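Down below is the structure, laid out as structure tokens.
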Amino acid sequence: MTGDEFAALLNEFTLSAESGDGARFAGHFTEDAVYYDYIYGAHQGRADIAHMMQDLFHRDAADYRWEMFDPVFDGEMGYAWSLSSFTSKIPQFAGKPVVIDGISRFIVRDGLIAEYRESVNGGVAMAQLGVEPDRMTKVFRRWTGWLKERPETLDYLARPKGSRPAAGLKASFGDKTKIASRGDRE
């Protein structure tokens, strides 16, 4: 896959996310793919990824838009900066518009996404929704736990300053990655 083909994949990926069609969205992933969403947690396999997009995200959000910018791709791994926006459908926040930015990382295998991760400042979204400070604190603590329990974080914290993984910057953590669906929104 070339950089231009990766950019085209991202365009189709975001258009399918906007459509709310879970099967169309999941079609951009390998059968065993993992999608790590900052709100809904990890989802593994096309059926679970389709469920997350169609039955969770579009249940909670209307008028969804998502665009990727400045994609970079090395033939296996890619990154892009994004902007996304939606209008909340969650009853206590219904009608409130949100816009956020983020960075996405893609592992691509045979032209399909094998792993997706995102880094988003969810506090920006919560402030726009008017989430109560105590609830924000609870969510931030949960996100902190997710970060601290990741194999990559554990490895990073166990190494002394100045050291790097033996495999270099493209260290793979393979089977050590914990897969757990976190569809709740406490």
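Every chain in the structure tokens takes a letter, A first, then B, and so on in the order presented; its residues are numbered from 1, and the ligands are numbered from 1 following the presented order.
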
Excluding Trp81 of chain A and residues on its chain fewer than 3 positions from it, collect all residues at most 8 Å away from it, counting only C-alpha atoms, and give them as a PDB file with N, CA and C atoms, in the first residue's frame.
```pdb
ATOM      1  N   MET A  68      -9.686  13.140   8.248  1.00  0.00           N
ATOM      2  CA  MET A  68      -8.271  12.905   8.550  1.00  0.00           C
ATOM      3  C   MET A  68      -7.413  13.846   7.714  1.00  0.00           C
ATOM      4  N   PHE A  69      -6.351  14.336   8.331  1.00  0.00           N
ATOM      5  CA  PHE A  69      -5.431  15.267   7.676  1.00  0.00           C
ATOM      6  C   PHE A  69      -3.992  14.792   7.859  1.00  0.00           C
ATOM      7  N   ASP A  70      -3.137  15.193   6.933  1.00  0.00           N
ATOM      8  CA  ASP A  70      -1.691  14.969   7.022  1.00  0.00           C
ATOM      9  C   ASP A  70      -1.315  13.501   7.273  1.00  0.00           C
ATOM     10  N   PRO A  71      -1.892  12.553   6.529  1.00  0.00           N
ATOM     11  CA  PRO A  71      -1.557  11.154   6.781  1.00  0.00           C
ATOM     12  C   PRO A  71      -0.109  10.841   6.414  1.00  0.00           C
ATOM     13  N   ASP A 101     -10.297  17.167  18.273  1.00  0.00           N
ATOM     14  CA  ASP A 101      -9.241  16.728  17.367  1.00  0.00           C
ATOM     15  C   ASP A 101      -8.520  15.559  18.013  1.00  0.00           C
ATOM     16  N   GLY A 102      -7.768  14.847  17.219  1.00  0.00           N
ATOM     17  CA  GLY A 102      -7.049  13.692  17.736  1.00  0.00           C
ATOM     18  C   GLY A 102      -6.004  13.200  16.760  1.00  0.00           C
ATOM     19  N   ILE A 103      -5.252  12.231  17.226  1.00  0.00           N
ATOM     20  CA  ILE A 103      -4.253  11.553  16.413  1.00  0.00           C
ATOM     21  C   ILE A 103      -4.639  10.083  16.370  1.00  0.00           C
ATOM     22  N   SER A 104      -4.614   9.498  15.194  1.00  0.00           N
ATOM     23  CA  SER A 104      -4.956   8.089  15.032  1.00  0.00           C
ATOM     24  C   SER A 104      -3.745   7.325  14.513  1.00  0.00           C
TER      25      SER A 104
END
```

Residues near Val98 of chain A, anyone? I mean within 10 Å using only C-alpha atoms, not counting same-chain ones fewer than 2 positions away, as a CSV table (one decimal) with N, CA and C atoms, in the first residue's frame.
```csv
chain,number,residue,atom,x,y,z
A,61,ALA,N,-24.7,9.7,19.2
A,61,ALA,CA,-24.3,10.9,18.4
A,61,ALA,C,-25.0,11.1,17.1
A,64,TYR,N,-22.7,13.3,12.7
A,64,TYR,CA,-21.3,12.9,12.9
A,64,TYR,C,-20.5,13.3,11.6
A,84,SER,N,-13.2,15.9,14.3
A,84,SER,CA,-14.5,15.2,14.3
A,84,SER,C,-15.5,16.1,15.1
A,85,SER,N,-16.8,15.9,14.7
A,85,SER,CA,-17.8,16.7,15.4
A,85,SER,C,-19.1,15.9,15.4
A,86,PHE,N,-19.9,16.2,16.3
A,86,PHE,CA,-21.2,15.5,16.4
A,86,PHE,C,-22.1,16.3,17.3
A,87,THR,N,-23.4,15.9,17.3
A,87,THR,CA,-24.4,16.5,18.2
A,87,THR,C,-24.8,15.3,19.2
A,88,SER,N,-24.7,15.6,20.5
A,88,SER,CA,-25.0,14.5,21.4
A,88,SER,C,-26.5,14.1,21.4
A,95,GLY,N,-28.6,17.5,22.0
A,95,GLY,CA,-28.6,18.7,21.3
A,95,GLY,C,-27.3,19.5,21.4
A,96,LYS,N,-26.4,19.1,22.3
A,96,LYS,CA,-25.1,19.9,22.4
A,96,LYS,C,-24.1,19.4,21.4
A,100,ILE,N,-13.8,17.9,18.3
A,100,ILE,CA,-12.6,17.5,18.9
A,100,ILE,C,-11.5,17.2,17.8
A,124,VAL,N,-12.0,17.8,26.5
A,124,VAL,CA,-12.5,18.9,25.6
A,124,VAL,C,-13.9,18.6,25.2
A,125,ALA,N,-14.2,17.3,24.9
A,125,ALA,CA,-15.6,17.0,24.6
A,125,ALA,C,-16.5,17.1,25.8
A,126,MET,N,-16.0,16.6,26.9
A,126,MET,CA,-16.9,16.7,28.1
A,126,MET,C,-17.2,18.1,28.6
A,127,ALA,N,-16.2,19.0,28.4
A,127,ALA,CA,-16.4,20.4,28.7
A,127,ALA,C,-17.5,21.0,27.8
A,128,GLN,N,-17.5,20.7,26.5
A,128,GLN,CA,-18.5,21.2,25.6
A,128,GLN,C,-19.9,20.6,25.9
A,129,LEU,N,-19.9,19.4,26.5
A,129,LEU,CA,-21.2,18.8,26.8
A,129,LEU,C,-21.7,19.3,28.2
```

What are the nearest atom pairs, with distances in Å to one decimal, for all residues of segment 16-54 of chain A that come at most 10 Å from segment 106-109 of chain A, using only C-alpha atoms, set out by chain and rising residue number as a Markdown table?
```
| residue | atom | partner | partner_atom | distance |
| --- | --- | --- | --- | --- |
| A:His28 | CA | A:Val108 | CA | 9.9 |
| A:Phe29 | CA | A:Val108 | CA | 8.6 |
| A:Thr30 | CA | A:Arg109 | CA | 7.5 |
| A:Ala33 | CA | A:Ile107 | CA | 9.3 |
| A:Val34 | CA | A:Ile107 | CA | 9.8 |
| A:Tyr35 | CA | A:Phe106 | CA | 9.5 |
```

DSSP on the backbone, then: every residue of segment 16-129 of chain A marked strand (DSSP E), written as a ChimeraX atom specification. /A:29-37,41-44,61-73,77-88,97-109,112-120

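The nearest approach to Thr14 of chain A among the residues A:Val72, A:Ala47, A:Ala80, A:Ala114, with only C-alpha atoms taken into account, belongs to A:Ala80.
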
If we count only C-alpha atoms, what is near segment 36-38 of chain A at a cut-off of 7 Å, once residues fewer than 5 positions away on the same chain are taken out, given as a PDB file with N, CA and C atoms, in the first residue's frame?
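What landed in result.pdb:
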```
ATOM      1  N   HIS A  43     -12.582  -3.092  20.878  1.00  0.00           N
ATOM      2  CA  HIS A  43     -13.534  -3.946  20.171  1.00  0.00           C
ATOM      3  C   HIS A  43     -12.747  -4.787  19.184  1.00  0.00           C
ATOM      4  N   TYR A 116      -6.407  -0.235  15.252  1.00  0.00           N
ATOM      5  CA  TYR A 116      -6.654   1.200  15.272  1.00  0.00           C
ATOM      6  C   TYR A 116      -6.583   1.678  16.712  1.00  0.00           C
ATOM      7  N   ARG A 117      -5.822   2.736  16.940  1.00  0.00           N
ATOM      8  CA  ARG A 117      -5.749   3.408  18.235  1.00  0.00           C
ATOM      9  C   ARG A 117      -5.894   4.898  18.004  1.00  0.00           C
ATOM     10  N   GLU A 118      -6.443   5.581  19.002  1.00  0.00           N
ATOM     11  CA  GLU A 118      -6.580   7.030  18.895  1.00  0.00           C
ATOM     12  C   GLU A 118      -6.181   7.688  20.198  1.00  0.00           C
TER      13      GLU A 118
END
```

Name the closest residue to Ala8 of chain A among the candidates A:Ala42, A:Leu112, A:Met77, A:Ala23; distances are taken between atoms, counting only C-alpha atoms. A:Leu112

List every residue of segment 10-170 of chain A that DSSP, applied to the backbone of this structure, places in helix (DSSP H, G or I), and write the result as a VMD selection string. chain A and resid 10 to 19 22 to 26 46 to 60 91 to 93 122 to 129 133 to 149 151 to 158 168 to 170

Quick one: of A:Val139, A:Leu9, A:Gln44, A:Arg59, who's nearest to Asp21 of chain A, counting only C-alpha atoms?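 Distance minimum relative to Asp21 of chain A lands on A:Arg59.
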
Report, in Å to a single decimal, how far apart atom CA of Glu132 of chain A and atom CA of Trp66 of chain A are.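 Atom-to-atom, atom CA of Trp66 of chain A to atom CA of Glu132 of chain A, that is 26.1 Å.
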
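Note that the spacing between atom CA of Arg135 of chain A and atom CA of Gly123 of chain A amounts to 11.0 Å.
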